[in-house]
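**Q** Here you go, this is structure.cif (mmCIF, C-alpha atoms).
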data_final
loop_
_atom_site.group_PDB
_atom_site.id
_atom_site.type_symbol
_atom_site.label_atom_id
_atom_site.label_comp_id
_atom_site.auth_asym_id
_atom_site.auth_seq_id
_atom_site.Cartn_x
_atom_site.Cartn_y
_atom_site.Cartn_z
ATOM 1 C CA MET A 165 13.916 -13.224 -25.058
ATOM 2 C CA SER A 166 16.396 -10.522 -24.063
ATOM 3 C CA ASN A 167 14.299 -7.959 -22.190
ATOM 4 C CA GLN A 168 14.891 -7.621 -18.475
ATOM 5 C CA ILE A 169 12.017 -8.081 -16.070
ATOM 6 C CA TYR A 170 11.428 -6.967 -12.510
ATOM 7 C CA ILE A 171 9.444 -8.836 -9.886
ATOM 8 C CA GLY A 172 7.380 -7.173 -7.180
ATOM 9 C CA VAL A 173 6.021 -8.810 -4.038
ATOM 10 C CA ASP A 174 3.147 -7.369 -2.009
ATOM 11 C CA LEU A 175 3.039 -9.190 1.325
ATOM 12 C CA GLY A 176 -0.270 -8.984 3.160
ATOM 13 C CA GLY A 177 -1.464 -10.626 6.334
ATOM 14 C CA THR A 178 -3.754 -12.942 4.355
ATOM 15 C CA ASN A 179 -2.316 -13.128 0.838
ATOM 16 C CA ILE A 180 0.946 -12.714 -1.020
ATOM 17 C CA LYS A 181 0.688 -11.107 -4.455
ATOM 18 C CA VAL A 182 3.567 -11.348 -6.909
ATOM 19 C CA GLY A 183 3.871 -9.554 -10.244
ATOM 20 C CA ILE A 184 6.241 -9.255 -13.181
ATOM 21 C CA CYS A 185 6.827 -5.782 -14.619
ATOM 22 C CA ASP A 186 8.840 -4.514 -17.549
ATOM 23 C CA GLU A 187 11.185 -1.521 -17.422
ATOM 24 C CA GLN A 188 8.292 0.900 -18.028
ATOM 25 C CA GLY A 189 6.192 -0.393 -15.134
ATOM 26 C CA ALA A 190 3.694 -2.363 -17.211
ATOM 27 C CA LEU A 191 2.348 -5.300 -15.213
ATOM 28 C CA LEU A 192 2.827 -8.394 -17.343
ATOM 29 C CA HIS A 193 1.813 -11.302 -15.130
ATOM 30 C CA THR A 194 0.519 -11.840 -11.580
ATOM 31 C CA LEU A 195 0.190 -14.671 -9.108
ATOM 32 C CA GLU A 196 -1.455 -14.777 -5.703
ATOM 33 C CA GLY A 197 -1.425 -17.240 -2.822
ATOM 34 C CA PRO A 198 -1.987 -17.493 0.939
ATOM 35 C CA THR A 199 0.485 -15.966 3.375
ATOM 36 C CA SER A 200 -0.029 -18.604 6.105
ATOM 37 C CA ALA A 201 1.505 -16.184 8.600
ATOM 38 C CA GLU A 202 0.770 -18.531 11.487
ATOM 39 C CA ASN A 203 3.696 -20.697 10.364
ATOM 40 C CA GLY A 204 6.246 -18.012 11.214
ATOM 41 C CA ALA A 205 8.529 -15.597 9.389
ATOM 42 C CA GLN A 206 10.910 -18.144 7.861
ATOM 43 C CA SER A 207 8.014 -20.091 6.381
ATOM 44 C CA VAL A 208 6.459 -16.934 4.912
ATOM 45 C CA LEU A 209 9.749 -15.871 3.331
ATOM 46 C CA GLU A 210 10.194 -19.335 1.858
ATOM 47 C CA ARG A 211 6.660 -19.111 0.478
ATOM 48 C CA ILE A 212 7.500 -15.756 -1.130
ATOM 49 C CA ALA A 213 10.562 -17.312 -2.781
ATOM 50 C CA GLN A 214 8.388 -20.192 -4.005
ATOM 51 C CA TYR A 215 5.861 -17.794 -5.561
ATOM 52 C CA VAL A 216 8.602 -15.724 -7.196
ATOM 53 C CA ARG A 217 10.099 -18.791 -8.870
ATOM 54 C CA GLN A 218 6.634 -20.079 -9.783
ATOM 55 C CA ILE A 219 5.553 -16.859 -11.503
ATOM 56 C CA VAL A 220 8.638 -16.894 -13.703
ATOM 57 C CA GLU A 221 8.088 -20.556 -14.575
ATOM 58 C CA GLU A 222 4.474 -19.808 -15.558
ATOM 59 C CA SER A 223 5.458 -16.805 -17.678
ATOM 60 C CA PRO A 224 7.173 -16.650 -21.078
ATOM 61 C CA TYR A 225 10.286 -15.266 -19.371
ATOM 62 C CA GLU A 226 13.474 -16.945 -18.133
ATOM 63 C CA TRP A 227 15.008 -16.736 -14.661
ATOM 64 C CA GLU A 228 18.107 -15.110 -16.189
ATOM 65 C CA GLN A 229 15.952 -12.165 -17.303
ATOM 66 C CA VAL A 230 15.064 -11.253 -13.707
ATOM 67 C CA ALA A 231 17.063 -8.068 -13.091
ATOM 68 C CA GLY A 232 15.751 -7.410 -9.597
ATOM 69 C CA ILE A 233 13.159 -8.321 -6.997
ATOM 70 C CA GLY A 234 11.397 -5.939 -4.624
ATOM 71 C CA ALA A 235 9.085 -6.578 -1.698
ATOM 72 C CA GLY A 236 6.597 -4.344 0.075
ATOM 73 C CA LEU A 237 6.181 -5.415 3.697
ATOM 74 C CA ALA A 238 3.806 -4.084 6.329
ATOM 75 C CA GLY A 239 5.412 -2.805 9.487
ATOM 76 C CA PHE A 240 8.264 -0.728 10.838
ATOM 77 C CA MET A 241 11.426 -1.216 8.828
ATOM 78 C CA ASP A 242 15.169 -0.771 9.028
ATOM 79 C CA ILE A 243 15.417 -0.390 5.275
ATOM 80 C CA PRO A 244 19.207 0.087 4.919
ATOM 81 C CA GLU A 245 19.836 -3.100 6.925
ATOM 82 C CA GLY A 246 16.928 -4.972 5.330
ATOM 83 C CA PHE A 247 15.140 -5.813 8.579
ATOM 84 C CA VAL A 248 11.476 -5.803 9.490
ATOM 85 C CA LYS A 249 11.774 -4.422 13.006
ATOM 86 C CA PHE A 250 8.146 -5.052 13.903
ATOM 87 C CA SER A 251 5.081 -6.070 11.915
ATOM 88 C CA PRO A 252 1.879 -6.100 14.003
ATOM 89 C CA ASN A 253 -0.114 -7.954 11.330
ATOM 90 C CA LEU A 254 2.450 -10.721 10.915
ATOM 91 C CA GLN A 255 3.827 -10.663 14.459
ATOM 92 C CA TRP A 256 7.373 -10.351 13.175
ATOM 93 C CA HIS A 257 10.197 -8.977 15.293
ATOM 94 C CA ASP A 258 13.659 -8.183 13.863
ATOM 95 C CA VAL A 259 13.295 -10.393 10.797
ATOM 96 C CA PRO A 260 16.212 -10.148 8.282
ATOM 97 C CA ALA A 261 13.873 -10.228 5.294
ATOM 98 C CA LYS A 262 16.289 -8.911 2.656
ATOM 99 C CA LYS A 263 19.170 -11.247 3.513
ATOM 100 C CA THR A 264 16.875 -14.266 3.813
ATOM 101 C CA LEU A 265 15.153 -13.659 0.472
ATOM 102 C CA GLU A 266 18.454 -13.018 -1.298
ATOM 103 C CA GLY A 267 19.756 -16.312 0.071
ATOM 104 C CA LEU A 268 16.655 -18.169 -1.113
ATOM 105 C CA LEU A 269 16.543 -16.578 -4.557
ATOM 106 C CA GLY A 270 20.136 -15.796 -5.466
ATOM 107 C CA LYS A 271 19.057 -12.376 -6.711
ATOM 108 C CA THR A 272 19.251 -8.797 -5.446
ATOM 109 C CA VAL A 273 16.193 -8.025 -3.283
ATOM 110 C CA LYS A 274 15.084 -4.597 -2.097
ATOM 111 C CA ILE A 275 12.470 -4.110 0.610
ATOM 112 C CA ASP A 276 10.369 -1.185 1.758
ATOM 113 C CA ASN A 277 7.183 -0.378 3.636
ATOM 114 C CA ASP A 278 4.025 -1.503 1.817
ATOM 115 C CA ALA A 279 2.525 2.002 1.735
ATOM 116 C CA ASN A 280 5.747 3.391 0.262
ATOM 117 C CA VAL A 281 5.805 0.846 -2.540
ATOM 118 C CA ALA A 282 2.127 1.454 -3.336
ATOM 119 C CA ALA A 283 2.968 5.147 -3.637
ATOM 120 C CA LEU A 284 5.918 4.338 -5.875
ATOM 121 C CA GLY A 285 3.670 2.190 -8.063
ATOM 122 C CA GLU A 286 1.236 5.051 -8.584
ATOM 123 C CA ALA A 287 4.078 7.494 -9.187
ATOM 124 C CA TRP A 288 5.793 5.201 -11.681
ATOM 125 C CA ALA A 289 2.920 3.795 -13.700
ATOM 126 C CA GLY A 290 -0.339 5.115 -12.230
ATOM 127 C CA ALA A 291 -1.942 8.447 -11.405
ATOM 128 C CA GLY A 292 1.441 10.111 -10.894
ATOM 129 C CA ALA A 293 3.179 8.856 -14.026
ATOM 130 C CA GLY A 294 5.551 11.468 -15.404
ATOM 131 C CA ILE A 295 5.272 13.691 -12.303
ATOM 132 C CA PRO A 296 8.452 13.714 -10.183
ATOM 133 C CA ASN A 297 6.954 15.004 -6.908
ATOM 134 C CA VAL A 298 3.792 13.415 -5.528
ATOM 135 C CA VAL A 299 2.309 12.517 -2.146
ATOM 136 C CA CYS A 300 0.092 9.445 -1.900
ATOM 137 C CA TYR A 301 -2.542 8.597 0.705
ATOM 138 C CA THR A 302 -3.969 5.106 1.120
ATOM 139 C CA LEU A 303 -7.319 5.193 2.931
ATOM 140 C CA GLY A 304 -8.313 1.796 4.245
ATOM 141 C CA THR A 305 -8.460 0.251 7.706
ATOM 142 C CA GLY A 306 -5.809 2.825 8.546
ATOM 143 C CA VAL A 307 -4.266 5.733 6.654
ATOM 144 C CA GLY A 308 -1.026 4.918 4.898
ATOM 145 C CA GLY A 309 1.137 7.203 2.852
ATOM 146 C CA GLY A 310 4.166 7.641 0.692
ATOM 147 C CA ILE A 311 6.220 10.629 -0.415
ATOM 148 C CA ILE A 312 7.889 10.597 -3.812
ATOM 149 C CA ILE A 313 10.521 13.266 -4.472
ATOM 150 C CA ASN A 314 12.288 13.427 -7.825
ATOM 151 C CA GLY A 315 10.798 10.034 -8.663
ATOM 152 C CA LYS A 316 12.190 8.300 -5.579
ATOM 153 C CA ILE A 317 10.671 7.252 -2.263
ATOM 154 C CA TYR A 318 11.606 9.635 0.523
ATOM 155 C CA GLN A 319 12.247 7.436 3.554
ATOM 156 C CA GLY A 320 13.634 9.877 6.101
ATOM 157 C CA SER A 321 16.452 9.250 8.557
ATOM 158 C CA ALA A 322 14.780 6.269 10.240
ATOM 159 C CA GLY A 323 12.480 5.044 7.463
ATOM 160 C CA MET A 324 9.427 6.682 9.055
ATOM 161 C CA ALA A 325 8.764 9.353 6.425
ATOM 162 C CA GLY A 326 5.349 9.123 4.814
ATOM 163 C CA GLU A 327 3.477 7.933 7.916
ATOM 164 C CA LEU A 328 0.738 10.398 7.012
ATOM 165 C CA GLY A 329 -1.923 8.657 9.060
ATOM 166 C CA HIS A 330 0.020 9.499 12.211
ATOM 167 C CA MET A 331 0.122 13.237 11.716
ATOM 168 C CA SER A 332 -1.384 14.603 14.928
ATOM 169 C CA ILE A 333 -3.904 16.944 13.374
ATOM 170 C CA VAL A 334 -7.178 16.734 15.338
ATOM 171 C CA PRO A 335 -7.425 19.359 18.140
ATOM 172 C CA ASP A 336 -7.088 18.040 21.679
ATOM 173 C CA ILE A 337 -10.674 18.950 22.569
ATOM 174 C CA GLU A 338 -12.012 16.399 20.067
ATOM 175 C CA ALA A 339 -9.060 14.026 19.747
ATOM 176 C CA VAL A 340 -9.222 10.306 20.459
ATOM 177 C CA GLN A 341 -6.322 7.928 20.927
ATOM 178 C CA CYS A 342 -4.875 6.270 17.850
ATOM 179 C CA GLY A 343 -3.680 2.681 17.683
ATOM 180 C CA CYS A 344 -0.126 4.040 17.634
ATOM 181 C CA GLY A 345 -0.681 5.435 21.134
ATOM 182 C CA GLN A 346 -0.760 9.120 20.166
ATOM 183 C CA MET A 347 -3.794 11.397 20.332
ATOM 184 C CA GLY A 348 -5.560 13.009 17.396
ATOM 185 C CA CYS A 349 -3.901 11.232 14.486
ATOM 186 C CA LEU A 350 -5.371 11.664 11.011
ATOM 187 C CA GLU A 351 -6.077 7.927 11.002
ATOM 188 C CA THR A 352 -8.610 8.328 13.820
ATOM 189 C CA VAL A 353 -10.973 10.351 11.608
ATOM 190 C CA SER A 354 -10.133 9.673 7.963
ATOM 191 C CA SER A 355 -9.690 5.893 7.841
ATOM 192 C CA ALA A 356 -12.508 3.404 7.369
ATOM 193 C CA THR A 357 -12.069 2.506 11.047
ATOM 194 C CA GLY A 358 -12.373 6.143 12.101
ATOM 195 C CA ILE A 359 -15.411 6.764 9.916
ATOM 196 C CA VAL A 360 -17.185 3.700 11.346
ATOM 197 C CA ARG A 361 -16.277 4.768 14.886
ATOM 198 C CA MET A 362 -17.829 8.192 14.369
ATOM 199 C CA ALA A 363 -20.944 6.628 12.836
ATOM 200 C CA LYS A 364 -21.417 4.210 15.745
ATOM 201 C CA GLU A 365 -20.973 7.015 18.255
ATOM 202 C CA ALA A 366 -23.658 9.072 16.507
ATOM 203 C CA VAL A 367 -26.093 6.158 16.616
ATOM 204 C CA GLU A 368 -25.273 5.468 20.279
ATOM 205 C CA ARG A 369 -25.951 9.126 21.108
ATOM 206 C CA GLY A 370 -29.412 8.679 19.633
ATOM 207 C CA GLU A 371 -28.916 11.070 16.736
ATOM 208 C CA ARG A 372 -31.557 10.894 14.039
ATOM 209 C CA THR A 373 -29.820 9.096 11.196
ATOM 210 C CA SER A 374 -30.494 6.334 8.683
ATOM 211 C CA LEU A 375 -27.219 4.751 9.849
ATOM 212 C CA ALA A 376 -29.245 3.297 12.712
ATOM 213 C CA LEU A 377 -30.970 1.003 10.185
ATOM 214 C CA HIS A 378 -27.716 -0.887 9.532
ATOM 215 C CA GLU A 379 -27.100 -3.859 11.800
ATOM 216 C CA LYS A 380 -23.337 -3.629 11.230
ATOM 217 C CA ILE A 381 -22.164 -0.223 10.033
ATOM 218 C CA GLU A 382 -19.387 -0.134 7.430
ATOM 219 C CA ALA A 383 -17.648 2.875 5.897
ATOM 220 C CA LYS A 384 -19.481 2.247 2.622
ATOM 221 C CA HIS A 385 -22.816 2.651 4.422
ATOM 222 C CA VAL A 386 -21.749 6.070 5.687
ATOM 223 C CA PHE A 387 -20.879 7.269 2.180
ATOM 224 C CA ASP A 388 -24.044 5.774 0.683
ATOM 225 C CA GLU A 389 -26.252 7.429 3.304
ATOM 226 C CA ALA A 390 -24.415 10.723 2.843
ATOM 227 C CA LYS A 391 -25.141 10.588 -0.901
ATOM 228 C CA SER A 392 -28.804 9.965 -0.023
ATOM 229 C CA GLY A 393 -28.909 13.141 2.046
ATOM 230 C CA ASP A 394 -28.487 11.809 5.588
ATOM 231 C CA GLU A 395 -27.163 14.805 7.540
ATOM 232 C CA VAL A 396 -25.232 12.817 10.151
ATOM 233 C CA SER A 397 -23.474 10.740 7.499
ATOM 234 C CA LEU A 398 -22.631 13.852 5.504
ATOM 235 C CA ARG A 399 -21.184 15.496 8.613
ATOM 236 C CA ILE A 400 -18.939 12.456 9.207
ATOM 237 C CA VAL A 401 -17.761 12.397 5.588
ATOM 238 C CA ASN A 402 -17.049 16.119 5.679
ATOM 239 C CA ARG A 403 -15.073 15.752 8.888
ATOM 240 C CA ALA A 404 -12.943 12.976 7.399
ATOM 241 C CA ALA A 405 -12.399 15.092 4.276
ATOM 242 C CA TYR A 406 -11.637 18.238 6.280
ATOM 243 C CA TYR A 407 -8.706 16.699 8.118
ATOM 244 C CA LEU A 408 -7.380 15.100 4.945
ATOM 245 C CA GLY A 409 -7.454 18.533 3.320
ATOM 246 C CA ARG A 410 -5.758 20.134 6.326
ATOM 247 C CA SER A 411 -3.020 17.501 6.280
ATOM 248 C CA MET A 412 -2.449 18.135 2.567
ATOM 249 C CA ALA A 413 -2.236 21.874 3.227
ATOM 250 C CA ALA A 414 0.554 21.151 5.714
ATOM 251 C CA MET A 415 2.333 18.869 3.232
ATOM 252 C CA ALA A 416 2.023 21.485 0.491
ATOM 253 C CA VAL A 417 4.232 23.989 2.304
ATOM 254 C CA VAL A 418 6.791 21.342 3.277
ATOM 255 C CA ILE A 419 7.018 19.069 0.221
ATOM 256 C CA ASN A 420 5.205 21.211 -2.396
ATOM 257 C CA PRO A 421 4.112 18.247 -4.537
ATOM 258 C CA LYS A 422 2.499 18.656 -7.926
ATOM 259 C CA ARG A 423 -0.162 16.055 -7.193
ATOM 260 C CA PHE A 424 -1.814 14.335 -4.238
ATOM 261 C CA ILE A 425 -3.007 10.815 -5.032
ATOM 262 C CA ILE A 426 -5.635 9.102 -2.899
ATOM 263 C CA GLY A 427 -6.101 5.343 -3.055
ATOM 264 C CA GLY A 428 -7.480 2.562 -0.878
ATOM 265 C CA GLY A 429 -11.038 1.374 -0.358
ATOM 266 C CA VAL A 430 -12.320 4.633 1.149
ATOM 267 C CA SER A 431 -11.230 6.593 -1.942
ATOM 268 C CA LYS A 432 -13.875 4.748 -3.971
ATOM 269 C CA ALA A 433 -16.486 7.009 -2.376
ATOM 270 C CA GLY A 434 -15.771 9.470 -5.181
ATOM 271 C CA GLU A 435 -16.530 13.176 -5.376
ATOM 272 C CA ILE A 436 -18.539 13.305 -2.155
ATOM 273 C CA LEU A 437 -15.151 12.806 -0.467
ATOM 274 C CA PHE A 438 -12.849 14.484 -2.985
ATOM 275 C CA ASN A 439 -14.744 17.771 -3.361
ATOM 276 C CA PRO A 440 -14.577 18.788 0.335
ATOM 277 C CA ILE A 441 -10.931 17.677 0.461
ATOM 278 C CA ARG A 442 -10.143 20.032 -2.420
ATOM 279 C CA GLU A 443 -12.161 22.875 -0.851
ATOM 280 C CA THR A 444 -10.357 22.530 2.482
ATOM 281 C CA PHE A 445 -6.958 22.283 0.808
ATOM 282 C CA LYS A 446 -7.590 25.460 -1.164
ATOM 283 C CA LYS A 447 -8.820 27.311 1.928
ATOM 284 C CA TYR A 448 -5.827 26.487 4.114
ATOM 285 C CA THR A 449 -2.965 26.475 1.596
ATOM 286 C CA PRO A 450 -1.079 29.615 0.526
ATOM 287 C CA GLU A 451 -1.933 30.423 -3.066
ATOM 288 C CA THR A 452 1.632 29.971 -4.313
ATOM 289 C CA ALA A 453 1.822 26.482 -2.774
ATOM 290 C CA ALA A 454 -1.647 25.473 -4.004
ATOM 291 C CA GLU A 455 -1.332 26.766 -7.554
ATOM 292 C CA GLY A 456 -1.577 23.950 -10.089
ATOM 293 C CA VAL A 457 -1.750 21.228 -7.419
ATOM 294 C CA GLU A 458 -4.154 18.387 -8.217
ATOM 295 C CA ILE A 459 -5.906 15.982 -5.839
ATOM 296 C CA VAL A 460 -6.832 12.844 -7.756
ATOM 297 C CA ALA A 461 -7.821 9.216 -7.268
ATOM 298 C CA ALA A 462 -5.280 6.417 -7.605
ATOM 299 C CA THR A 463 -5.600 4.313 -10.748
ATOM 300 C CA LEU A 464 -3.707 1.061 -10.104
ATOM 301 C CA GLY A 465 -5.987 -0.299 -7.385
ATOM 302 C CA ASN A 466 -4.693 -3.498 -5.799
ATOM 303 C CA ASP A 467 -1.838 -3.675 -8.310
ATOM 304 C CA ALA A 468 -0.047 -0.601 -6.925
ATOM 305 C CA GLY A 469 1.900 -2.630 -4.376
ATOM 306 C CA VAL A 470 3.411 -5.172 -6.769
ATOM 307 C CA VAL A 471 4.172 -2.531 -9.405
ATOM 308 C CA GLY A 472 5.870 -0.312 -6.854
ATOM 309 C CA ALA A 473 7.807 -3.197 -5.320
ATOM 310 C CA ALA A 474 9.130 -4.117 -8.764
ATOM 311 C CA GLY A 475 10.057 -0.470 -9.257
ATOM 312 C CA LEU A 476 12.310 -0.447 -6.179
ATOM 313 C CA ASN A 477 15.046 -1.750 -8.458
ATOM 314 C CA LEU A 478 14.598 0.999 -11.034
ATOM 315 C CA ARG A 479 13.463 4.157 -9.267
#
I need this file expressed as structure tokens, please.
**A**
Amino acid sequence: MSNQIYIGVDLGGTNIKVGICDEQGALLHTLEGPTSAENGAQSVLERIAQYVRQIVEESPYEWEQVAGIGAGLAGFMDIPEGFVKFSPNLQWHDVPAKKTLEGLLGKTVKIDNDANVAALGEAWAGAGAGIPNVVCYTLGTGVGGGIIINGKIYQGSAGMAGELGHMSIVPDIEAVQCGCGQMGCLETVSSATGIVRMAKEAVERGERTSLALHEKIEAKHVFDEAKSGDEVSLRIVNRAAYYLGRSMAAMAVVINPKRFIIGGGVSKAGEILFNPIRETFKKYTPETAAEGVEIVAATLGNDAGVVGAAGLNLR
């Protein structure tokens, strides 16, 4: 077979997912295995190399057809130098990931932040396909993000562009401290963690809410109760949506994307979340910047990371 293939790696704290994509971003084959992060950075990188070779061996493709390998890694990166400066989940410090993987695999390897590559995946072959300028939000334990301009990841001068969850957007009077150390970050109200925090606080204050019936409150419970008419839950959902919409209004006059894409577990809540986001965005965005802009759900799900990582060699 003569077609070139591209391999993407999505490195998580628990699992490593590897995928083969073609030049159009179609995901052809996947493989998943444990990260075993407790064994240290070198061991994890060797495990990645093992999975990359294994997926090619299990596929109908040959090693010679691999035109490039990309990896999405969680943490703060020095992308030009190929270093993971610090990864809280993996406890990595100044790990030369690019150089190490290239030495193990004998192929060109590109690395980037995991949220950036998920955004690239959606922009290349998901909800943003064919649209050159998009901004992606990933709503999970935290709030991740990625900015795609003219089909390419915008990384900024220090690789910190797209850290949407750390936009300081909540007013001081109601702000709480974020895990990053700053006050009032978007992540404190619009992540699953932030939504659960607000729900627990409401219960602890003795507010009348069906959330009190849950022994261990999860973000899904808040959305479910909101859909059932629970006023406290609906207030929490609307607050999370409000600040997402305000953050998008700010992005609209800076980046002016054609589409905002929202992925991650929290996005599965559906229109009860998306409708107030759209209403807030429209209210706070100048008409010329809001015209024609869409706010939609991501479509690739858990595959966005491997697709985007593979796309690092093409986009």
**Q** Expand the PyMOL selection byres ((chain A and resi 332-346) around 10) into the individual residues it matches in the shown file, reporting them as a list in words.
**A**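 Selected by the PyMOL selection byres ((chain A and resi 332-346) around 10) here: Gly306, Leu328, Gly329, His330, Met331, Met347, Gly348, Cys349, Leu350, Glu351, Thr352, Val353, Gly358, Tyr407, Leu408, Arg410, Ser411 and Ala414 of chain A.
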**Q** If I take CA of Val248 (chain A) and CA of Lys274 (chain A), how far is one from the other in Å, to one decimal?
**A**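 Value for the CA of Val248 (chain A)-CA of Lys274 (chain A) distance: 12.2 Å.
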**Q** I'd like to know which of A:Val220, A:Leu478, A:Val182, A:Met324 is closest to Asn466 (chain A), using all atoms listed in the file.
**A**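 For Asn466 (chain A), the nearest of the given residues is A:Val182.
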**Q** Write out, as a tab-separated table, each residue of region 375-455 of chain A that has an atom at most 12 Å from region 275-289 of chain A, together with the closest pair of atoms and their distance in Å to one decimal, counting only C-alpha atoms, rows going by chain and rising number.
**A**
residue	atom	partner	partner_atom	distance
A:Pro421	CA	A:Ala287	CA	11.7
A:Lys422	CA	A:Ala287	CA	11.3
A:Arg423	CA	A:Ala287	CA	9.8
A:Phe424	CA	A:Ala287	CA	10.3
A:Ile425	CA	A:Glu286	CA	8.0
A:Ile426	CA	A:Ala283	CA	9.5
A:Gly427	CA	A:Ala283	CA	9.1
A:Gly428	CA	A:Ala282	CA	10.0
**Q** Mind checking which residues fall within 12 Å of region 209-212 of chain A, counting only C-alpha atoms, ignoring those fewer than 2 positions away in the same chain, and posting them as a count of residues only?
**A** 49
**Q** What does the distance from CA of Val417 (chain A) to CA of Ile312 (chain A) come to in Å, to one decimal?
**A**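 Those two atoms sit 15.2 Å apart.
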**Q** Between CA of Lys391 (chain A) and CA of Gly434 (chain A), measure the distance and give it in Å to one decimal.
**A**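 It comes out at 10.4 Å.
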**Q** Take every atom of region 352-355 of chain A listed in the file, fit an axis-aligned box around them, add 6 Å per side, and give the centre and edge lengths in Å to one decimal as lines of an AutoDock Vina configuration file.
**A**
center_x = -9.8
center_y = 8.1
center_z = 10.8
size_x = 14.4
size_y = 16.5
size_z = 18.0
